[in-house]
Amino acid sequence: MNEALNEMPGGTPESAEKLRIAVVGGGPGGYAAAFLAADLGMQVTLIDPEVNPGGVCLYRGCIPSKALLHVAKLIEESQQAKNWGIEFPKPNIDLARLRSWKEGVVKKLTGGLGLLSKQRHVEYIQGRAAFQNSTTLQITKADASEVVLSFDRIILATGSRPAIIPALKLDTPRLMDSTGGLNLEDIPGSLLVVGGGYIGLELGSVYAALGTRVTVVEMLPGLLPGADRDLVLPLHKRLEKMFEAILLNTTVASLKQEGEGIRASFAGAALPEKDREKVFDRVLVSVGRKPNSEIAGLETTQVQVNARGFIEVNKQLQTADPSIYAIGDVVGEPMLAHKAMHEGRTAVEAIAGHKVAFEPAAIPAVVFTDPEVAWCGLTETQAEKENREIKVAKFPWGASGRAVTLDRPEGMTKLLIDPQTERVLGVGIVGVGAGDLIAEGVLAIEMAALASDVAMTIHPHPTLSETVMESAEVFFGTSTDIFRPKRA
């Protein structure tokens with residue numbers, strides 16, 4: 001990167017009100033940036049192909065998937081109720097009505113963003129933008145008309161798209177990516193999920209709850225690569241009961257259309273010969289996402305794109321072109337909506353002349369399966385790679401009164417603590433509601449909290465949030481609900 005990327009942009013909050021800003025991409029990062037820029041008095045134009053802001057997250061990602069996961073959880077809980085002496089009949093699934101409800105959720109939220117755009121006087125253009133130079137965009141609107149507009153600053157928030165495996169491409173609707181999987185066109189009898197990451201496991205869980213026989217194939221030795229193994233284990237055990245098969249250390253060698261299905265051939269050293277081929281009704285490929293950095297006319301600017309396809313930016317999210325900023329999935333991992341939103345706000349504040357930098361101590365990651373898996377800050381896997389000395393304090397949910405009342409004692413909360421300073425460096429949680437609990441861990445890391453700070457913070461009883469406090473107590477050997485003396 002050149003030295004210009006390390007310099008703060010000029011300008012003052014007063015001059016910001018005169019700036020004309022374009023935001024290309026209406027996802028969480030894009031609309032967060034556009035709305036803050038408008039709040040600061042800038043003249044804002046937000047450009048996106050959809051009728052309202054929302055991006056992949058709201059239209060084809062986070063929101064529709066979580067709506068369907070809520071339904072899946074309800075079905076699973078109705079089955080689990082047998083343990084409590086309550087039995088429900090087998091659910092009658094009206095697929096058209098379920099789709100309509102999911103789409104209604106999307107329409108409500110995206111429509112709300114459209115209203116917020118109008119309230120903030122953001123000029124929203126439904127269309128696609130191409131660069132003519134660093135400050136000029138040619139916008140092709142949804143009605144095919146074109147307009148050329150110039151701006152003082154441009155923020156790129158073009159997001160990402162599902163990655164594909166060229167060798168596994170088939171011209172059939174039975175082969176789906178995450179977008180196709182969320183369309184929920186039918187409930188297939190069998191589904192092959194290629195990729196054991198969070199997208200594959202979330203969508204696989206939805207289809208399994210609806211009655212599909214799901215097989216997951218992962219080329220690495222474990223599900224959710226990158227997450228700590230002790231966090232993944234409770235999820236793996238539960239998914240083994242939900243799914244027909246989980247094939248680790250296995251790859252899909254080929255896919256071929258066969259009648260009303262797709263024949264998959266597998267390769268794996270430990271795979272028995274009889275399991276090396278199977279026909280599935282549908283196949284879902286979920287092997288990650290690629291940045292949308294192939295922006296028309298980008299070559300007319302000074303913006304630099306690295307070998308992985310990510311746009312290079314500095315800590316103010318400014319590219320090598322002083323007039324252009326970039327945020328979200330298109331600038332690098334983790335590809336998470338909440339990261340994009342904070343980057344968007346940082347970019348706008350930098351443009352306004354505020355002294356800011358995007359350098360979070362922790363970005364939370366959440367897998368919305370059942371149980372949920374969440375972590376932030378330093379992980380054990382990372383600490384081992386970096387040869388960092390840490391102390392790990394774990395609290396099993398079997399000792400949590402709230403977890404037991406929910407009949408979900410398989411969870412676990414752990415803290416990664418610096419043995420010298422006793423500062424909390426990382427937090428990991430697996431269990432129901434882990435995604436809601438992890439925010440406390442993020443706050444603790446950002447505030448440089450010590451284990452004693454967490455232990456002395458009174459948590460309500462009986463709640464799952466107590467497990468964070470009791471993990472800190474485990475570190476000191478004083479946990480009320482388990483006997484685990486601190487080792488010398």
# chains A, B, ... in the order shown; residues from 1 in each chain; ligands from 1
call {"tool": "residues_around", "arguments": {"residues": "A:Glu87", "least_positions_apart": "6", "cutoff": "8 Å", "atoms": "only C-alpha atoms", "output": "ChimeraX atom specification"}}
result
/A:78-79,81
call {"tool": "residues_around", "arguments": {"residues": "A:Gly196", "least_positions_apart": "2", "cutoff": "7 Å", "atoms": "only C-alpha atoms", "output": "number ranges by chain"}}
result
A: 194, 198, 200-201, 216-218, 223-224
call {"tool": "write_last_selection", "arguments": {"atoms": "all heavy atoms", "output": "JSON list (two decimals), in the first residue's frame"}}
result
[["chain", "number", "residue", "atom", "x", "y", "z"],
["A", 194, "VAL", "N", -22.78, -29.09, 0.33],
["A", 194, "VAL", "CA", -21.33, -29.10, 0.09],
["A", 194, "VAL", "C", -20.72, -27.93, 0.85],
["A", 194, "VAL", "O", -20.87, -26.78, 0.48],
["A", 194, "VAL", "CB", -21.02, -28.97, -1.42],
["A", 194, "VAL", "CG1", -19.51, -29.06, -1.65],
["A", 194, "VAL", "CG2", -21.75, -30.05, -2.21],
["A", 198, "TYR", "N", -20.81, -22.04, 8.25],
["A", 198, "TYR", "CA", -22.03, -21.60, 8.90],
["A", 198, "TYR", "C", -23.23, -21.55, 7.96],
["A", 198, "TYR", "O", -24.36, -21.89, 8.36],
["A", 198, "TYR", "CB", -21.82, -20.26, 9.60],
["A", 198, "TYR", "CG", -21.68, -19.06, 8.69],
["A", 198, "TYR", "CD1", -22.77, -18.25, 8.42],
["A", 198, "TYR", "CD2", -20.46, -18.72, 8.12],
["A", 198, "TYR", "CE1", -22.66, -17.14, 7.59],
["A", 198, "TYR", "CE2", -20.33, -17.62, 7.29],
["A", 198, "TYR", "CZ", -21.43, -16.83, 7.02],
["A", 198, "TYR", "OH", -21.33, -15.74, 6.21],
["A", 200, "GLY", "N", -23.87, -23.45, 5.24],
["A", 200, "GLY", "CA", -24.32, -24.80, 4.98],
["A", 200, "GLY", "C", -25.03, -25.43, 6.16],
["A", 200, "GLY", "O", -26.07, -26.09, 6.01],
["A", 201, "LEU", "N", -24.49, -25.21, 7.36],
["A", 201, "LEU", "CA", -25.11, -25.81, 8.55],
["A", 201, "LEU", "C", -26.43, -25.14, 8.90],
["A", 201, "LEU", "O", -27.38, -25.80, 9.33],
["A", 201, "LEU", "CB", -24.14, -25.72, 9.74],
["A", 201, "LEU", "CG", -22.83, -26.49, 9.57],
["A", 201, "LEU", "CD1", -22.03, -26.46, 10.87],
["A", 201, "LEU", "CD2", -23.07, -27.94, 9.14],
["A", 216, "VAL", "N", -24.11, -33.66, 4.88],
["A", 216, "VAL", "CA", -23.15, -32.56, 4.79],
["A", 216, "VAL", "C", -21.77, -33.13, 4.47],
["A", 216, "VAL", "O", -21.33, -34.10, 5.10],
["A", 216, "VAL", "CB", -23.09, -31.76, 6.10],
["A", 216, "VAL", "CG1", -21.97, -30.72, 6.04],
["A", 216, "VAL", "CG2", -24.41, -31.06, 6.37],
["A", 217, "VAL", "N", -21.10, -32.52, 3.50],
["A", 217, "VAL", "CA", -19.75, -32.93, 3.13],
["A", 217, "VAL", "C", -18.79, -31.77, 3.42],
["A", 217, "VAL", "O", -19.02, -30.65, 2.98],
["A", 217, "VAL", "CB", -19.67, -33.30, 1.64],
["A", 217, "VAL", "CG1", -18.22, -33.54, 1.23],
["A", 217, "VAL", "CG2", -20.49, -34.54, 1.36],
["A", 218, "GLU", "N", -17.74, -32.05, 4.17],
["A", 218, "GLU", "CA", -16.74, -31.04, 4.51],
["A", 218, "GLU", "C", -15.35, -31.63, 4.23],
["A", 218, "GLU", "O", -15.03, -32.72, 4.70],
["A", 218, "GLU", "CB", -16.87, -30.63, 5.96],
["A", 218, "GLU", "CG", -15.73, -29.77, 6.51],
["A", 218, "GLU", "CD", -15.49, -28.50, 5.70],
["A", 218, "GLU", "OE1", -16.47, -27.78, 5.43],
["A", 218, "GLU", "OE2", -14.33, -28.25, 5.32],
["A", 223, "LEU", "N", -16.35, -29.62, 11.31],
["A", 223, "LEU", "CA", -17.29, -28.60, 10.90],
["A", 223, "LEU", "C", -16.84, -27.23, 11.40],
["A", 223, "LEU", "O", -16.05, -27.13, 12.34],
["A", 223, "LEU", "CB", -18.69, -28.91, 11.45],
["A", 223, "LEU", "CG", -19.34, -30.22, 11.00],
["A", 223, "LEU", "CD1", -20.66, -30.43, 11.74],
["A", 223, "LEU", "CD2", -19.54, -30.26, 9.50],
["A", 224, "LEU", "N", -17.35, -26.18, 10.79],
["A", 224, "LEU", "CA", -17.02, -24.80, 11.17],
["A", 224, "LEU", "C", -15.51, -24.60, 11.30],
["A", 224, "LEU", "O", -15.00, -24.28, 12.39],
["A", 224, "LEU", "CB", -17.71, -24.41, 12.48],
["A", 224, "LEU", "CG", -19.24, -24.39, 12.45],
["A", 224, "LEU", "CD1", -19.78, -24.03, 13.84],
["A", 224, "LEU", "CD2", -19.75, -23.41, 11.41]]
call {"tool": "residues_around", "arguments": {"residues": "stretch 451-458 of chain A", "least_positions_apart": "4", "cutoff": "6 Å", "atoms": "only C-alpha atoms", "output": "PDB file with N, CA, C and O atoms, in the first residue's frame"}}
result
ATOM      1  N   GLU A 422      -4.589 -10.805  33.795  1.00  0.00           N
ATOM      2  CA  GLU A 422      -5.958 -11.273  34.060  1.00  0.00           C
ATOM      3  C   GLU A 422      -6.986 -10.546  33.198  1.00  0.00           C
ATOM      4  O   GLU A 422      -8.172 -10.523  33.491  1.00  0.00           O
ATOM      5  N   VAL A 424      -9.434 -10.126  29.994  1.00  0.00           N
ATOM      6  CA  VAL A 424     -10.206 -11.016  29.128  1.00  0.00           C
ATOM      7  C   VAL A 424      -9.790 -10.764  27.675  1.00  0.00           C
ATOM      8  O   VAL A 424      -9.919  -9.655  27.161  1.00  0.00           O
ATOM      9  N   MET A 469     -20.440 -14.794  33.978  1.00  0.00           N
ATOM     10  CA  MET A 469     -19.917 -14.451  35.302  1.00  0.00           C
ATOM     11  C   MET A 469     -19.247 -15.666  35.958  1.00  0.00           C
ATOM     12  O   MET A 469     -18.153 -15.572  36.518  1.00  0.00           O
ATOM     13  N   ALA A 472     -15.813 -16.556  34.779  1.00  0.00           N
ATOM     14  CA  ALA A 472     -14.782 -15.746  35.433  1.00  0.00           C
ATOM     15  C   ALA A 472     -14.502 -16.276  36.842  1.00  0.00           C
ATOM     16  O   ALA A 472     -13.351 -16.294  37.292  1.00  0.00           O
ATOM     17  N   GLU A 473     -15.548 -16.712  37.531  1.00  0.00           N
ATOM     18  CA  GLU A 473     -15.351 -17.284  38.871  1.00  0.00           C
ATOM     19  C   GLU A 473     -14.555 -18.576  38.807  1.00  0.00           C
ATOM     20  O   GLU A 473     -13.756 -18.876  39.708  1.00  0.00           O
TER      21      GLU A 473
END
call {"tool": "residues_around", "arguments": {"residues": "stretch 133-149 of chain A", "least_positions_apart": "5", "cutoff": "12 Å", "atoms": "only C-alpha atoms", "output": "PyMOL selection string"}}
result
chain A and resi 20-24+44-51+124-128+154-156+295-303+319-325
call {"tool": "atom_distance", "arguments": {"atom1": "atom CA of A:Glu440", "atom2": "atom CA of A:Val468"}}
result
8.2 Å
call {"tool": "select_by_dssp", "arguments": {"residues": "stretch 323-470 of chain A", "states": "strand (DSSP E)", "output": "PDB file with C-alpha atoms, in the first residue's frame"}}
result
ATOM      1  CA  ILE A 324     -12.957   6.753  -2.860  1.00  0.00           C
ATOM      2  CA  TYR A 325     -13.648   4.696   0.266  1.00  0.00           C
ATOM      3  CA  ALA A 326     -14.704   1.059   0.510  1.00  0.00           C
ATOM      4  CA  ALA A 365     -19.038 -14.237  14.987  1.00  0.00           C
ATOM      5  CA  VAL A 366     -22.304 -16.136  15.395  1.00  0.00           C
ATOM      6  CA  VAL A 367     -23.523 -19.378  13.828  1.00  0.00           C
ATOM      7  CA  GLU A 372     -25.830 -21.509  18.447  1.00  0.00           C
ATOM      8  CA  VAL A 373     -22.058 -21.048  18.400  1.00  0.00           C
ATOM      9  CA  ALA A 374     -20.532 -17.613  19.054  1.00  0.00           C
ATOM     10  CA  TRP A 375     -17.092 -16.239  19.748  1.00  0.00           C
ATOM     11  CA  CYS A 376     -15.137 -12.996  19.803  1.00  0.00           C
ATOM     12  CA  GLY A 377     -11.594 -11.818  20.365  1.00  0.00           C
ATOM     13  CA  LYS A 391      -5.626 -19.431  30.753  1.00  0.00           C
ATOM     14  CA  VAL A 392      -8.982 -20.891  29.728  1.00  0.00           C
ATOM     15  CA  ALA A 393     -11.872 -20.852  32.189  1.00  0.00           C
ATOM     16  CA  LYS A 394     -14.901 -22.942  31.203  1.00  0.00           C
ATOM     17  CA  PHE A 395     -18.335 -23.135  32.759  1.00  0.00           C
ATOM     18  CA  PRO A 396     -20.488 -26.103  31.640  1.00  0.00           C
ATOM     19  CA  MET A 412     -20.635 -24.159  27.535  1.00  0.00           C
ATOM     20  CA  THR A 413     -19.187 -20.691  28.146  1.00  0.00           C
ATOM     21  CA  LYS A 414     -15.470 -20.017  28.253  1.00  0.00           C
ATOM     22  CA  LEU A 415     -13.164 -17.080  28.780  1.00  0.00           C
ATOM     23  CA  LEU A 416      -9.621 -16.773  27.445  1.00  0.00           C
ATOM     24  CA  ILE A 417      -7.614 -14.781  29.979  1.00  0.00           C
ATOM     25  CA  VAL A 424     -10.206 -11.016  29.128  1.00  0.00           C
ATOM     26  CA  LEU A 425      -8.800 -11.693  25.639  1.00  0.00           C
ATOM     27  CA  GLY A 426     -11.507 -13.878  24.127  1.00  0.00           C
ATOM     28  CA  VAL A 427     -14.930 -15.357  24.798  1.00  0.00           C
ATOM     29  CA  GLY A 428     -16.578 -18.447  23.318  1.00  0.00           C
ATOM     30  CA  ILE A 429     -20.125 -19.685  23.865  1.00  0.00           C
ATOM     31  CA  VAL A 430     -22.082 -22.653  22.547  1.00  0.00           C
ATOM     32  CA  GLY A 431     -25.715 -23.128  23.502  1.00  0.00           C
TER      33      GLY A 431
END
call {"tool": "closest_residue", "arguments": {"among": "A:Ala34, A:Leu19, A:Leu170, A:Val252", "to": "A:Ser117", "atoms": "only C-alpha atoms"}}
result
A:Ala34
call {"tool": "residues_around", "arguments": {"residues": "stretch 102-110 of chain A", "least_positions_apart": "4", "cutoff": "8 Å", "atoms": "only C-alpha atoms", "output": "PyMOL selection string"}}
result
chain A and resi 52-54+58-59+63-64+67-68+98+114
call {"tool": "write_last_selection", "arguments": {"atoms": "N, CA, C and O atoms", "output": "PDB file, in the first residue's frame"}}
result
ATOM      1  N   ASN A  52     -35.513  -1.159  -2.668  1.00  0.00           N
ATOM      2  CA  ASN A  52     -35.244  -0.500  -1.391  1.00  0.00           C
ATOM      3  C   ASN A  52     -33.877  -0.933  -0.885  1.00  0.00           C
ATOM      4  O   ASN A  52     -33.344  -1.965  -1.316  1.00  0.00           O
ATOM      5  N   PRO A  53     -33.275  -0.185   0.053  1.00  0.00           N
ATOM      6  CA  PRO A  53     -32.019  -0.645   0.661  1.00  0.00           C
ATOM      7  C   PRO A  53     -32.217  -1.966   1.396  1.00  0.00           C
ATOM      8  O   PRO A  53     -33.340  -2.351   1.730  1.00  0.00           O
ATOM      9  N   GLY A  54     -31.125  -2.649   1.656  1.00  0.00           N
ATOM     10  CA  GLY A  54     -31.186  -3.921   2.378  1.00  0.00           C
ATOM     11  C   GLY A  54     -30.057  -4.853   2.003  1.00  0.00           C
ATOM     12  O   GLY A  54     -29.499  -5.556   2.837  1.00  0.00           O
ATOM     13  N   LEU A  58     -30.517  -8.494   3.939  1.00  0.00           N
ATOM     14  CA  LEU A  58     -31.959  -8.464   4.151  1.00  0.00           C
ATOM     15  C   LEU A  58     -32.729  -9.228   3.080  1.00  0.00           C
ATOM     16  O   LEU A  58     -33.749  -9.852   3.379  1.00  0.00           O
ATOM     17  N   TYR A  59     -32.256  -9.181   1.854  1.00  0.00           N
ATOM     18  CA  TYR A  59     -33.001  -9.817   0.772  1.00  0.00           C
ATOM     19  C   TYR A  59     -32.695 -11.306   0.621  1.00  0.00           C
ATOM     20  O   TYR A  59     -33.591 -12.112   0.363  1.00  0.00           O
ATOM     21  N   ILE A  63     -31.445 -12.068   7.159  1.00  0.00           N
ATOM     22  CA  ILE A  63     -32.824 -11.956   7.634  1.00  0.00           C
ATOM     23  C   ILE A  63     -33.705 -13.130   7.202  1.00  0.00           C
ATOM     24  O   ILE A  63     -34.330 -13.776   8.050  1.00  0.00           O
ATOM     25  N   PRO A  64     -33.789 -13.475   5.907  1.00  0.00           N
ATOM     26  CA  PRO A  64     -34.620 -14.629   5.557  1.00  0.00           C
ATOM     27  C   PRO A  64     -34.138 -15.934   6.183  1.00  0.00           C
ATOM     28  O   PRO A  64     -34.943 -16.780   6.574  1.00  0.00           O
ATOM     29  N   ALA A  67     -35.280 -16.027   9.786  1.00  0.00           N
ATOM     30  CA  ALA A  67     -36.722 -16.276   9.856  1.00  0.00           C
ATOM     31  C   ALA A  67     -37.000 -17.772   9.738  1.00  0.00           C
ATOM     32  O   ALA A  67     -37.782 -18.341  10.499  1.00  0.00           O
ATOM     33  N   LEU A  68     -36.325 -18.426   8.788  1.00  0.00           N
ATOM     34  CA  LEU A  68     -36.524 -19.863   8.602  1.00  0.00           C
ATOM     35  C   LEU A  68     -35.921 -20.677   9.745  1.00  0.00           C
ATOM     36  O   LEU A  68     -36.469 -21.705  10.148  1.00  0.00           O
ATOM     37  N   LEU A  98     -45.446 -20.415   4.353  1.00  0.00           N
ATOM     38  CA  LEU A  98     -44.157 -20.193   5.015  1.00  0.00           C
ATOM     39  C   LEU A  98     -43.287 -19.258   4.190  1.00  0.00           C
ATOM     40  O   LEU A  98     -42.673 -18.324   4.723  1.00  0.00           O
ATOM     41  N   GLY A 114     -36.433   1.916   3.227  1.00  0.00           N
ATOM     42  CA  GLY A 114     -36.811   2.875   2.192  1.00  0.00           C
ATOM     43  C   GLY A 114     -37.432   4.123   2.799  1.00  0.00           C
ATOM     44  O   GLY A 114     -37.133   5.253   2.372  1.00  0.00           O
TER      45      GLY A 114
END
call {"tool": "closest_residue", "arguments": {"among": "A:Gly226, A:Ala362, A:Pro221, A:Arg161", "to": "A:Lys385", "atoms": "only C-alpha atoms"}}
result
A:Gly226
call {"tool": "closest_residue", "arguments": {"among": "A:Phe35, A:Leu443, A:Asp230, A:Gln43", "to": "A:Leu115", "atoms": "only C-alpha atoms"}}
result
A:Phe35
call {"tool": "closest_residue", "arguments": {"among": "A:Thr172, A:Asn92, A:Thr369, A:Ser65", "to": "A:Lys256", "atoms": "only C-alpha atoms"}}
result
A:Thr172
call {"tool": "residues_around", "arguments": {"residues": "A:Glu359", "least_positions_apart": "2", "cutoff": "7 Å", "atoms": "only C-alpha atoms", "output": "list in words"}}
result
Lys315, Ala357 and Ala361 of chain A
call {"tool": "atom_distance", "arguments": {"atom1": "atom CA of A:Met176", "atom2": "atom CA of A:Ser286"}}
result
8.7 Å
call {"tool": "residues_around", "arguments": {"residues": "A:Ile311", "least_positions_apart": "4", "cutoff": "9 Å", "atoms": "only C-alpha atoms", "output": "PyMOL selection string"}}
result
chain A and resi 291+293+303-306+319+326-327+330-332
call {"tool": "closest_residue", "arguments": {"among": "A:Glu333, A:Glu294, A:Glu76, A:Asp281", "to": "A:Arg174", "atoms": "only C-alpha atoms"}}
result
A:Asp281
call {"tool": "decode", "arguments": {"residues": "stretch 446-459 of chain A", "atoms": "N, CA, C and O atoms", "output": "CSV table (one decimal), in the first residue's frame"}}
result
chain,number,residue,atom,x,y,z
A,446,GLU,N,-13.5,-5.0,24.5
A,446,GLU,CA,-13.3,-3.6,24.1
A,446,GLU,C,-13.0,-2.7,25.3
A,446,GLU,O,-12.2,-1.7,25.1
A,447,MET,N,-13.5,-3.0,26.4
A,447,MET,CA,-13.3,-2.2,27.6
A,447,MET,C,-12.1,-2.6,28.4
A,447,MET,O,-11.8,-2.1,29.5
A,448,ALA,N,-11.3,-3.6,27.9
A,448,ALA,CA,-10.1,-4.2,28.5
A,448,ALA,C,-10.5,-4.7,30.0
A,448,ALA,O,-9.7,-4.5,30.9
A,449,ALA,N,-11.6,-5.3,30.1
A,449,ALA,CA,-12.1,-5.8,31.4
A,449,ALA,C,-11.2,-6.9,31.9
A,449,ALA,O,-10.7,-7.7,31.1
A,450,LEU,N,-11.0,-7.0,33.2
A,450,LEU,CA,-10.3,-8.1,33.8
A,450,LEU,C,-11.3,-9.1,34.2
A,450,LEU,O,-12.5,-8.9,34.3
A,451,ALA,N,-10.8,-10.3,34.5
A,451,ALA,CA,-11.7,-11.4,34.9
A,451,ALA,C,-12.4,-11.1,36.2
A,451,ALA,O,-13.6,-11.4,36.4
A,452,SER,N,-11.8,-10.3,37.0
A,452,SER,CA,-12.4,-9.9,38.3
A,452,SER,C,-13.6,-8.9,38.0
A,452,SER,O,-14.6,-8.9,38.7
A,453,ASP,N,-13.5,-8.1,37.0
A,453,ASP,CA,-14.6,-7.2,36.6
A,453,ASP,C,-15.8,-8.0,36.2
A,453,ASP,O,-16.9,-7.7,36.6
A,454,VAL,N,-15.6,-9.0,35.4
A,454,VAL,CA,-16.7,-9.9,35.0
A,454,VAL,C,-17.3,-10.6,36.2
A,454,VAL,O,-18.5,-10.8,36.4
A,455,ALA,N,-16.4,-11.2,37.0
A,455,ALA,CA,-16.9,-12.0,38.2
A,455,ALA,C,-17.7,-11.1,39.2
A,455,ALA,O,-18.6,-11.6,39.8
A,456,MET,N,-17.3,-9.9,39.3
A,456,MET,CA,-18.0,-9.0,40.3
A,456,MET,C,-19.2,-8.3,39.8
A,456,MET,O,-19.9,-7.6,40.5
A,457,THR,N,-19.5,-8.4,38.5
A,457,THR,CA,-20.7,-7.8,37.9
A,457,THR,C,-21.9,-8.7,38.2
A,457,THR,O,-21.9,-9.9,37.8
A,458,ILE,N,-22.8,-8.2,38.9
A,458,ILE,CA,-24.0,-9.0,39.3
A,458,ILE,C,-24.9,-9.3,38.1
A,458,ILE,O,-25.3,-8.4,37.4
A,459,HIS,N,-25.1,-10.6,37.8
A,459,HIS,CA,-25.9,-11.0,36.7
A,459,HIS,C,-27.3,-11.5,37.3
A,459,HIS,O,-27.3,-12.1,38.3
